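Structure file input20.cif; described as mmCIF, C-alpha atoms.
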```cif
data_upload
loop_
_atom_site.label_atom_id
_atom_site.label_comp_id
_atom_site.auth_asym_id
_atom_site.auth_seq_id
_atom_site.Cartn_x
_atom_site.Cartn_y
_atom_site.Cartn_z
CA MET R 1 -11.80 -176.33 -101.60
CA ASN R 2 -12.44 -172.63 -101.76
CA THR R 3 -11.54 -170.95 -105.00
CA PRO R 4 -10.07 -167.49 -104.45
CA LEU R 5 -12.36 -164.80 -105.76
CA VAL R 6 -9.47 -162.80 -107.11
CA LYS R 7 -6.66 -164.23 -109.19
CA PRO R 8 -3.40 -164.00 -107.19
CA ARG R 9 -1.12 -161.24 -108.46
CA ARG R 10 2.53 -161.71 -109.33
CA GLY R 11 5.42 -159.31 -108.64
CA ARG R 12 5.44 -156.25 -106.43
CA PRO R 13 2.33 -155.54 -104.40
CA PRO R 14 0.23 -152.72 -105.81
CA LYS R 15 0.72 -149.23 -104.46
CA VAL R 16 -2.22 -148.98 -102.12
CA SER R 17 -3.25 -145.40 -101.80
CA ARG R 18 -3.45 -145.02 -98.09
CA ASP R 19 -4.97 -142.25 -96.14
CA ASN R 20 -2.38 -140.32 -94.13
CA ARG R 21 -4.34 -140.74 -90.94
CA ASP R 22 -4.46 -144.51 -91.42
CA THR R 23 -0.70 -144.81 -91.86
CA LYS R 24 -0.07 -142.59 -88.88
CA ALA R 25 -2.43 -144.71 -86.80
CA GLU R 26 -0.73 -147.90 -88.01
CA LEU R 27 2.68 -146.55 -87.09
CA ILE R 28 1.39 -145.74 -83.61
CA ARG R 29 -0.18 -149.19 -83.26
CA SER R 30 2.98 -150.97 -84.36
CA GLY R 31 5.05 -148.74 -82.07
CA LEU R 32 2.76 -149.64 -79.21
CA GLU R 33 3.36 -153.35 -79.76
CA GLN R 34 7.12 -152.91 -80.03
CA LEU R 35 7.51 -150.59 -77.09
CA THR R 36 5.33 -152.67 -74.80
CA GLU R 37 7.51 -155.70 -75.40
CA LYS R 38 10.93 -154.13 -75.83
CA GLY R 39 10.92 -150.61 -74.40
CA PHE R 40 11.97 -147.51 -76.30
CA ALA R 41 15.76 -147.69 -76.26
CA SER R 42 15.81 -151.17 -77.84
CA SER R 43 13.00 -150.60 -80.32
CA GLY R 44 14.46 -149.89 -83.72
CA LEU R 45 12.45 -147.46 -85.76
CA ASP R 46 13.42 -149.48 -88.84
CA HIS R 47 11.58 -152.55 -87.59
CA ILE R 48 8.42 -150.57 -86.89
CA LEU R 49 8.52 -148.90 -90.30
CA LYS R 50 9.10 -152.22 -92.02
CA ARG R 51 6.12 -153.81 -90.33
CA VAL R 52 3.85 -151.00 -91.40
CA GLY R 53 5.46 -150.89 -94.85
CA VAL R 54 6.50 -147.24 -94.64
CA PRO R 55 9.82 -146.24 -96.22
CA LYS R 56 12.17 -144.57 -93.76
CA GLY R 57 12.27 -141.41 -95.81
CA SER R 58 8.58 -140.76 -95.37
CA PHE R 59 8.49 -141.29 -91.61
CA TYR R 60 9.04 -137.55 -91.10
CA HIS R 61 5.96 -136.93 -93.16
CA TYR R 62 4.01 -138.35 -90.22
CA PHE R 63 6.09 -137.32 -87.21
CA ASN R 64 8.59 -134.51 -86.65
CA SER R 65 11.02 -136.75 -84.76
CA LYS R 66 11.41 -140.12 -83.07
CA GLU R 67 10.63 -138.26 -79.84
CA ALA R 68 7.32 -136.98 -81.23
CA PHE R 69 6.53 -140.54 -82.35
CA GLY R 70 7.29 -141.86 -78.85
CA GLN R 71 5.03 -139.21 -77.35
CA ALA R 72 2.20 -140.21 -79.67
CA VAL R 73 2.61 -143.89 -78.74
CA ILE R 74 2.66 -143.08 -75.01
CA GLU R 75 -0.42 -140.87 -75.38
CA ARG R 76 -2.24 -143.66 -77.22
CA TYR R 77 -1.38 -146.23 -74.56
CA GLY R 78 -2.36 -143.82 -71.78
CA SER R 79 -5.81 -143.25 -73.20
CA TYR R 80 -6.31 -146.88 -74.27
CA PHE R 81 -5.62 -147.97 -70.73
CA ALA R 82 -7.67 -145.16 -69.17
CA ASN R 83 -10.64 -146.40 -71.24
CA LYS R 84 -10.09 -149.92 -69.93
CA LEU R 85 -9.93 -148.64 -66.34
CA GLU R 86 -13.01 -146.45 -66.78
CA ALA R 87 -15.00 -149.32 -68.30
CA CYS R 88 -14.36 -151.36 -65.15
CA LEU R 89 -14.36 -148.69 -62.46
CA LEU R 90 -17.47 -146.81 -63.60
CA ASP R 91 -19.64 -149.88 -64.12
CA GLU R 92 -22.32 -149.27 -61.52
CA SER R 93 -23.78 -152.77 -61.81
CA TYR R 94 -21.04 -153.80 -59.35
CA SER R 95 -20.02 -152.45 -55.95
CA PRO R 96 -16.95 -150.15 -56.06
CA LEU R 97 -14.46 -152.68 -54.63
CA THR R 98 -15.83 -155.40 -56.91
CA ARG R 99 -15.20 -153.07 -59.86
CA LEU R 100 -11.58 -152.74 -58.78
CA GLY R 101 -11.41 -156.54 -58.65
CA ASN R 102 -12.92 -156.70 -62.14
CA PHE R 103 -10.15 -154.44 -63.45
CA VAL R 104 -7.51 -156.70 -61.91
CA GLU R 105 -9.19 -159.77 -63.43
CA ASP R 106 -9.33 -158.09 -66.84
CA ALA R 107 -5.66 -157.07 -66.70
CA LYS R 108 -4.73 -160.59 -65.59
CA LEU R 109 -6.50 -162.13 -68.58
CA GLY R 110 -4.69 -159.67 -70.84
CA MET R 111 -1.31 -160.74 -69.49
CA ILE R 112 -2.18 -164.42 -69.85
CA ARG R 113 -3.35 -163.81 -73.44
CA HIS R 114 0.06 -162.32 -74.28
CA GLN R 115 1.89 -165.13 -72.42
CA PHE R 116 3.21 -162.61 -69.87
CA LYS R 117 5.39 -161.04 -72.55
CA ARG R 118 3.79 -157.65 -72.30
CA GLY R 119 3.76 -155.59 -69.17
CA CYS R 120 2.71 -152.01 -68.74
CA LEU R 121 4.18 -149.64 -71.33
CA VAL R 122 4.15 -146.72 -68.91
CA GLY R 123 5.84 -148.82 -66.22
CA ASN R 124 8.46 -150.13 -68.64
CA LEU R 125 9.34 -146.69 -69.95
CA GLY R 126 9.44 -145.37 -66.39
CA GLN R 127 12.16 -147.94 -65.67
CA GLU R 128 14.33 -146.81 -68.58
CA ILE R 129 13.54 -143.12 -68.10
CA GLU R 130 17.23 -142.13 -67.87
CA LEU R 131 17.72 -143.23 -71.48
CA LEU R 132 14.68 -141.46 -72.86
CA PRO R 133 13.97 -137.93 -74.07
CA GLU R 134 13.33 -135.79 -70.99
CA SER R 135 9.89 -134.78 -72.31
CA PHE R 136 8.67 -138.36 -71.66
CA ARG R 137 9.10 -138.00 -67.91
CA GLN R 138 6.25 -135.57 -67.22
CA GLN R 139 4.05 -137.34 -69.76
CA LEU R 140 4.46 -140.66 -67.93
CA ILE R 141 3.95 -139.04 -64.51
CA ASP R 142 0.74 -137.39 -65.72
CA ILE R 143 -0.60 -140.71 -67.00
CA PHE R 144 0.06 -142.39 -63.65
CA LEU R 145 -1.63 -139.47 -61.89
CA TYR R 146 -4.72 -139.85 -64.07
CA TRP R 147 -4.95 -143.62 -63.56
CA GLN R 148 -4.53 -143.05 -59.84
CA LEU R 149 -7.31 -140.47 -59.89
CA LEU R 150 -9.65 -143.08 -61.39
CA ILE R 151 -8.73 -145.48 -58.56
CA GLU R 152 -9.12 -142.69 -55.99
CA ASN R 153 -12.63 -141.93 -57.25
CA CYS R 154 -13.53 -145.61 -57.10
CA LEU R 155 -12.29 -145.77 -53.49
CA LYS R 156 -14.33 -142.67 -52.64
CA SER R 157 -17.41 -144.43 -54.03
CA ALA R 158 -16.47 -147.37 -51.77
CA GLN R 159 -16.55 -144.95 -48.83
CA LEU R 160 -20.05 -143.82 -49.80
CA SER R 161 -21.29 -147.39 -50.21
CA GLY R 162 -19.81 -148.38 -46.83
CA GLU R 163 -17.14 -150.75 -48.21
CA LEU R 164 -14.29 -148.54 -47.00
CA SER R 165 -13.72 -146.52 -43.82
CA LYS R 166 -14.76 -142.86 -44.12
CA THR R 167 -11.39 -141.84 -42.61
CA ALA R 168 -9.27 -143.57 -45.28
CA ASN R 169 -6.99 -141.30 -47.35
CA CYS R 170 -8.14 -142.34 -50.81
CA GLU R 171 -5.52 -140.34 -52.69
CA LEU R 172 -2.64 -141.99 -50.85
CA LEU R 173 -4.29 -145.43 -51.07
CA ALA R 174 -4.67 -144.99 -54.83
CA GLU R 175 -0.99 -144.03 -55.22
CA ASN R 176 0.08 -147.05 -53.19
CA PHE R 177 -2.28 -149.33 -55.10
CA TRP R 178 -0.68 -148.26 -58.35
CA ILE R 179 2.91 -148.45 -57.12
CA GLY R 180 2.35 -152.00 -55.90
CA TRP R 181 0.40 -152.91 -59.03
CA GLU R 182 3.31 -151.92 -61.30
CA GLY R 183 5.59 -154.05 -59.13
CA ALA R 184 3.17 -156.98 -59.39
CA VAL R 185 2.91 -156.69 -63.19
CA ALA R 186 6.72 -156.71 -63.46
CA ARG R 187 6.95 -159.78 -61.22
CA ALA R 188 4.19 -161.58 -63.15
CA LYS R 189 6.19 -161.02 -66.35
CA LEU R 190 9.33 -162.38 -64.73
CA VAL R 191 7.76 -165.52 -63.23
CA GLN R 192 5.31 -165.95 -66.15
CA SER R 193 2.39 -166.47 -63.82
CA ALA R 194 -0.66 -164.52 -62.64
CA LYS R 195 0.04 -165.46 -59.04
CA PRO R 196 1.83 -162.18 -58.09
CA LEU R 197 -1.16 -160.18 -59.42
CA GLU R 198 -3.56 -162.28 -57.36
CA ASN R 199 -1.46 -162.22 -54.18
CA TYR R 200 -0.92 -158.50 -54.46
CA PHE R 201 -4.56 -157.64 -55.01
CA ASN R 202 -5.68 -159.94 -52.23
CA TYR R 203 -3.20 -158.21 -49.92
CA PHE R 204 -4.38 -154.75 -50.96
CA ILE R 205 -8.06 -155.58 -50.44
CA THR R 206 -7.64 -157.33 -47.08
CA THR R 207 -5.54 -154.47 -45.62
CA LEU R 208 -8.03 -151.74 -46.62
CA PRO R 209 -9.48 -149.98 -43.56
CA ARG R 210 -13.15 -150.99 -43.26
CA MET S 1 52.09 -125.05 -56.98
CA ASN S 2 52.70 -128.76 -56.63
CA THR S 3 55.46 -130.15 -58.77
CA PRO S 4 54.58 -133.60 -60.10
CA LEU S 5 56.81 -136.28 -58.61
CA VAL S 6 57.04 -138.10 -61.91
CA LYS S 7 57.74 -136.38 -65.20
CA PRO S 8 54.64 -136.71 -67.41
CA ARG S 9 55.07 -139.38 -70.11
CA ARG S 10 54.35 -138.80 -73.77
CA GLY S 11 52.76 -141.22 -76.19
CA ARG S 12 50.97 -144.48 -75.35
CA PRO S 13 50.34 -145.32 -71.71
CA PRO S 14 52.63 -148.01 -70.34
CA LYS S 15 51.48 -151.62 -70.43
CA VAL S 16 50.39 -152.13 -66.85
CA SER S 17 50.69 -155.75 -65.94
CA ARG S 18 47.37 -156.40 -64.34
CA ASP S 19 46.27 -159.38 -62.41
CA ASN S 20 43.58 -161.36 -64.24
CA ARG S 21 41.35 -161.36 -61.21
CA ASP S 22 41.57 -157.57 -60.92
CA THR S 23 40.60 -157.00 -64.53
CA LYS S 24 37.71 -159.45 -64.26
CA ALA S 25 36.51 -157.69 -61.10
CA GLU S 26 36.82 -154.30 -62.82
CA LEU S 27 34.80 -155.54 -65.78
CA ILE S 28 32.09 -156.73 -63.42
CA ARG S 29 32.11 -153.45 -61.52
CA SER S 30 31.86 -151.37 -64.67
CA GLY S 31 29.12 -153.68 -65.98
CA LEU S 32 27.23 -153.21 -62.74
CA GLU S 33 27.28 -149.44 -63.16
CA GLN S 34 26.20 -149.60 -66.79
CA LEU S 35 23.47 -152.19 -66.31
CA THR S 36 22.02 -150.45 -63.26
CA GLU S 37 21.56 -147.25 -65.23
CA LYS S 38 20.82 -148.58 -68.70
CA GLY S 39 19.74 -152.19 -68.49
CA PHE S 40 21.30 -155.04 -70.46
CA ALA S 41 19.85 -154.62 -73.93
CA SER S 42 21.07 -151.02 -74.24
CA SER S 43 24.44 -151.52 -72.56
CA GLY S 44 27.12 -151.78 -75.19
CA LEU S 45 29.91 -154.15 -74.30
CA ASP S 46 32.26 -151.76 -76.12
CA HIS S 47 31.57 -148.96 -73.69
CA ILE S 48 32.23 -151.19 -70.69
CA LEU S 49 35.47 -152.52 -72.16
CA LYS S 50 36.62 -149.02 -73.01
CA ARG S 51 36.02 -147.79 -69.47
CA VAL S 52 38.05 -150.60 -68.03
CA GLY S 53 40.66 -150.30 -70.76
CA VAL S 54 40.34 -153.88 -71.97
CA PRO S 55 40.66 -154.50 -75.73
CA LYS S 56 37.64 -156.26 -77.20
CA GLY S 57 39.70 -159.21 -78.32
CA SER S 58 40.70 -160.13 -74.78
CA PHE S 59 37.17 -159.97 -73.30
CA TYR S 60 36.75 -163.68 -74.00
CA HIS S 61 39.83 -164.31 -71.94
CA TYR S 62 37.72 -163.32 -68.91
CA PHE S 63 34.22 -164.49 -69.87
CA ASN S 64 32.97 -167.13 -72.27
CA SER S 65 30.20 -164.93 -73.62
CA LYS S 66 28.27 -161.74 -73.07
CA GLU S 67 25.67 -163.95 -71.35
CA ALA S 68 28.26 -165.29 -68.88
CA PHE S 69 29.35 -161.71 -68.23
CA GLY S 70 25.74 -160.68 -67.57
CA GLN S 71 25.34 -163.60 -65.17
CA ALA S 72 28.48 -162.57 -63.27
CA VAL S 73 27.22 -158.99 -62.98
CA ILE S 74 23.79 -160.14 -61.75
CA GLU S 75 25.39 -162.48 -59.23
CA ARG S 76 27.59 -159.68 -57.94
CA TYR S 77 24.65 -157.32 -57.56
CA GLY S 78 22.58 -160.04 -55.87
CA SER S 79 25.20 -160.67 -53.22
CA TYR S 80 26.14 -157.00 -52.81
CA PHE S 81 22.52 -156.22 -52.08
CA ALA S 82 22.01 -159.28 -49.87
CA ASN S 83 24.94 -158.02 -47.74
CA LYS S 84 23.30 -154.62 -47.46
CA LEU S 85 20.01 -156.23 -46.44
CA GLU S 86 21.67 -158.55 -43.94
CA ALA S 87 23.62 -155.68 -42.37
CA CYS S 88 20.33 -153.90 -41.63
CA LEU S 89 18.01 -156.82 -40.92
CA LEU S 90 20.31 -158.77 -38.61
CA ASP S 91 21.39 -155.80 -36.50
CA GLU S 92 19.98 -156.82 -33.13
CA SER S 93 20.58 -153.41 -31.57
CA TYR S 94 17.23 -152.45 -33.13
CA SER S 95 13.77 -154.04 -32.99
CA PRO S 96 12.91 -156.12 -36.10
CA LEU S 97 10.52 -153.60 -37.64
CA THR S 98 12.95 -150.75 -36.94
CA ARG S 99 15.61 -152.75 -38.81
CA LEU S 100 13.29 -152.95 -41.81
CA GLY S 101 12.88 -149.18 -41.56
CA ASN S 102 16.66 -148.80 -41.42
CA PHE S 103 17.01 -150.74 -44.65
CA VAL S 104 14.46 -148.46 -46.34
CA GLU S 105 16.30 -145.38 -45.04
CA ASP S 106 19.62 -146.74 -46.28
CA ALA S 107 18.22 -147.53 -49.75
CA LYS S 108 16.62 -144.10 -49.88
CA LEU S 109 19.95 -142.38 -49.17
CA GLY S 110 21.55 -144.51 -51.88
CA MET S 111 18.98 -143.37 -54.45
CA ILE S 112 19.39 -139.72 -53.42
CA ARG S 113 23.20 -140.05 -53.68
CA HIS S 114 22.82 -141.24 -57.29
CA GLN S 115 20.25 -138.52 -58.07
CA PHE S 116 17.56 -141.18 -58.61
CA LYS S 117 19.36 -142.34 -61.76
CA ARG S 118 19.93 -145.84 -60.47
CA GLY S 119 17.17 -148.18 -59.51
CA CYS S 120 17.37 -151.86 -58.73
CA LEU S 121 19.38 -153.87 -61.24
CA VAL S 122 17.32 -157.01 -60.62
CA GLY S 123 14.09 -155.05 -61.01
CA ASN S 124 15.29 -153.35 -64.20
CA LEU S 125 16.40 -156.59 -65.80
CA GLY S 126 13.14 -158.23 -64.76
CA GLN S 127 11.31 -155.57 -66.77
CA GLU S 128 13.29 -156.28 -69.93
CA ILE S 129 13.37 -160.05 -69.38
CA GLU S 130 11.89 -160.83 -72.81
CA LEU S 131 14.97 -159.36 -74.47
CA LEU S 132 17.48 -161.19 -72.30
CA PRO S 133 19.11 -164.63 -72.39
CA GLU S 134 16.60 -167.07 -70.90
CA SER S 135 19.16 -168.17 -68.26
CA PHE S 136 18.78 -164.77 -66.56
CA ARG S 137 15.14 -165.44 -65.66
CA GLN S 138 15.73 -168.10 -63.00
CA GLN S 139 18.77 -166.25 -61.70
CA LEU S 140 16.71 -163.09 -61.13
CA ILE S 141 13.83 -165.05 -59.56
CA ASP S 142 16.23 -166.78 -57.17
CA ILE S 143 17.69 -163.45 -56.08
CA PHE S 144 14.23 -162.06 -55.34
CA LEU S 145 13.41 -165.22 -53.39
CA TYR S 146 16.53 -164.86 -51.27
CA TRP S 147 15.91 -161.17 -50.53
CA GLN S 148 12.34 -162.04 -49.62
CA LEU S 149 13.56 -164.79 -47.32
CA LEU S 150 15.64 -162.19 -45.43
CA ILE S 151 12.52 -160.02 -45.04
CA GLU S 152 10.46 -163.06 -44.02
CA ASN S 153 12.96 -163.92 -41.27
CA CYS S 154 12.92 -160.33 -40.04
CA LEU S 155 9.09 -160.43 -39.90
CA LYS S 156 9.25 -163.72 -37.98
CA SER S 157 11.55 -162.03 -35.44
CA ALA S 158 8.93 -159.27 -35.24
CA GLN S 159 6.38 -161.95 -34.34
CA LEU S 160 8.63 -163.19 -31.54
CA SER S 161 9.24 -159.68 -30.24
CA GLY S 162 5.51 -158.94 -30.29
CA GLU S 163 5.64 -156.28 -33.03
CA LEU S 164 3.63 -158.42 -35.46
CA SER S 165 0.59 -160.66 -35.03
CA LYS S 166 1.45 -164.34 -34.51
CA THR S 167 -1.09 -165.29 -37.19
CA ALA S 168 0.52 -163.20 -39.96
CA ASN S 169 1.73 -165.10 -43.03
CA CYS S 170 5.32 -163.81 -43.11
CA GLU S 171 6.22 -165.46 -46.42
CA LEU S 172 3.35 -163.81 -48.26
CA LEU S 173 3.94 -160.49 -46.50
CA ALA S 174 7.61 -160.59 -47.53
CA GLU S 175 6.67 -161.28 -51.16
CA ASN S 176 4.22 -158.41 -51.14
CA PHE S 177 6.70 -156.11 -49.43
CA TRP S 178 9.20 -156.76 -52.18
CA ILE S 179 6.73 -156.45 -55.06
CA GLY S 180 5.58 -153.08 -53.76
CA TRP S 181 9.13 -152.02 -53.01
CA GLU S 182 10.24 -152.59 -56.61
CA GLY S 183 7.25 -150.53 -57.74
CA ALA S 184 8.20 -147.76 -55.32
CA VAL S 185 11.85 -147.71 -56.47
CA ALA S 186 10.71 -147.42 -60.10
CA ARG S 187 8.35 -144.57 -59.23
CA ALA S 188 11.03 -142.77 -57.20
CA LYS S 189 13.30 -142.91 -60.26
CA LEU S 190 10.56 -141.50 -62.46
CA VAL S 191 9.54 -138.62 -60.18
CA GLN S 192 13.13 -138.08 -58.92
CA SER S 193 12.00 -137.97 -55.32
CA ALA S 194 12.14 -140.20 -52.24
CA LYS S 195 8.45 -139.57 -51.51
CA PRO S 196 7.17 -142.79 -53.13
CA LEU S 197 9.61 -144.85 -51.01
CA GLU S 198 8.44 -143.11 -47.83
CA ASN S 199 4.73 -143.32 -48.66
CA TYR S 200 5.02 -146.95 -49.61
CA PHE S 201 6.92 -148.01 -46.51
CA ASN S 202 4.62 -146.05 -44.25
CA TYR S 203 1.66 -147.82 -45.88
CA PHE S 204 3.28 -151.24 -45.50
CA ILE S 205 4.09 -150.70 -41.82
CA THR S 206 0.71 -149.26 -40.84
CA THR S 207 -1.24 -152.09 -42.51
CA LEU S 208 0.76 -154.87 -40.82
CA PRO S 209 -1.45 -157.00 -38.55
CA ARG S 210 -0.44 -156.22 -34.96
#
```
File written out as structure tokens:
Amino acid sequence: MNTPLVKPRRGRPPKVSRDNRDTKAELIRSGLEQLTEKGFASSGLDHILKRVGVPKGSFYHYFNSKEAFGQAVIERYGSYFANKLEACLLDESYSPLTRLGNFVEDAKLGMIRHQFKRGCLVGNLGQEIELLPESFRQQLIDIFLYWQLLIENCLKSAQLSGELSKTANCELLAENFWIGWEGAVARAKLVQSAKPLENYFNYFITTLPR
Amino acid sequence: MNTPLVKPRRGRPPKVSRDNRDTKAELIRSGLEQLTEKGFASSGLDHILKRVGVPKGSFYHYFNSKEAFGQAVIERYGSYFANKLEACLLDESYSPLTRLGNFVEDAKLGMIRHQFKRGCLVGNLGQEIELLPESFRQQLIDIFLYWQLLIENCLKSAQLSGELSKTANCELLAENFWIGWEGAVARAKLVQSAKPLENYFNYFITTLPR
């Protein structure tokens, strides 16, 4: 049996002096988890604060408003996911269309790991956009446009490598890929299976003009 | 100036004796409106009851639970939308693929009429499925399966009429049509424009095997 190195304390936990940046980052991380599972309208700020151990009164020390907090969470998810996409789509050890397949595989494993409880934060918030602060709308649109640009560039590389017809409209293909992908992620969540992701991607790839 | 035919009353409105079936139908209709715009988790029962003018205490006279109410609203939407689909897809004065286009046009006009505030109730609830009573999951899946079956049958007619290759897998095509369609409806809501619906349908039609 392992003996604990430190004697367990009794009573209230000690006041850990935390760096402001750490707490802010923790709030964003916890918000990310909440919002990805529950959306914004149903995510109580109280629950997020409680999980991070921040008293409600000091929330405004970190963010000017719940709206500003939401924006920070969306921004974090946008760049987290852009990094994921870039890691797959810019990996030149694979052909461009294989890289796209690698992204789909990676996303699929992520959904399985979270038992299909988490979808796409940007997609979820897009669905409840009428309930959200109006400033979220353009932020979400811009994130989709950036993700689509990454897909578009990957498809353009596929044109150069001869995997895709030179006459294909990569911008429009990328938009349609992403629109269908959001639909497939939502369906996968509903049926709790990766099958919709697989069927959708297979369909997208086989209908590409060669 | 028009003179009112009845002298305006003062005080409390009269107790209108309403038929049970009417009130139940009104509750469902008001729920439909609320849920289509706001989803289930954020839709307060209070607000719905107030709009219909039903005191909270008598809600359970009409439904056993909020869950049963949700089920009734989903069922109503499912059959309302199936009727819409059938009206377009079974109209033999048009070719099968034109009928599919007519459905898209009709849905597009509906979204424009509601200023892109309303999406698809079944799609919206699918997104927030983790927050909902578990009984909703199968109900929503079954509705998607029925809508897809209507599309599948339309595609099979297109095979008979020579608009679609005889070797096409109509079941899989119908599933993919609907997955992409839900994505396109969500995007149209976000960008407040019919463009995603048009781009998506154009893409679907032009990639069909002929």
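Picture a line from CA of Asn20 (chain R) to CA of Gly119 (chain R); it runs 29.9 Å.
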>> With distances taken over all atoms listed in the file, which residue among S:Lys156, S:Lys66, S:Arg76, S:Lys56 lies nearest Ser95 (chain S)?
In response: S:Lys156
> Taking the file as shown, what set of residues would the PyMOL selection byres ((chain S) within 10 of (chain R)) give back, as a PyMOL selection string?
Replying inline: chain S and resi 37-42+116-120+123-131+136-138+140-141+144+172-173+175-192+196-197+199-201+203-204+206-209
>> For the PyMOL selection byres ((chain R and resi 86) around 10), applied here, can you spell out every residue it catches as a list in words?
In response: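 In the shown coordinates, the PyMOL selection byres ((chain R and resi 86) around 10) covers Phe81, Ala82, Asn83, Lys84, Leu85, Ala87, Cys88, Leu89, Leu90, Asp91, Arg99, Phe103, Trp147, Leu150, Ile151 and Cys154 of chain R.
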> So what does the PyMOL selection byres ((chain R and resi 24) around 12) actually pick up in this one, as a PyMOL selection string?
Replying inline: chain R and resi 18-23+25-31+48-49+52-54+58-63+69+72-73+76
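Between CA of Leu35 (chain S) and CA of Tyr77 (chain S) there is a distance of 10.2 Å.
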> CA of Lys195 (chain S) and CA of Ser93 (chain S), how far apart in Å?
Replying inline: 27.1 Å
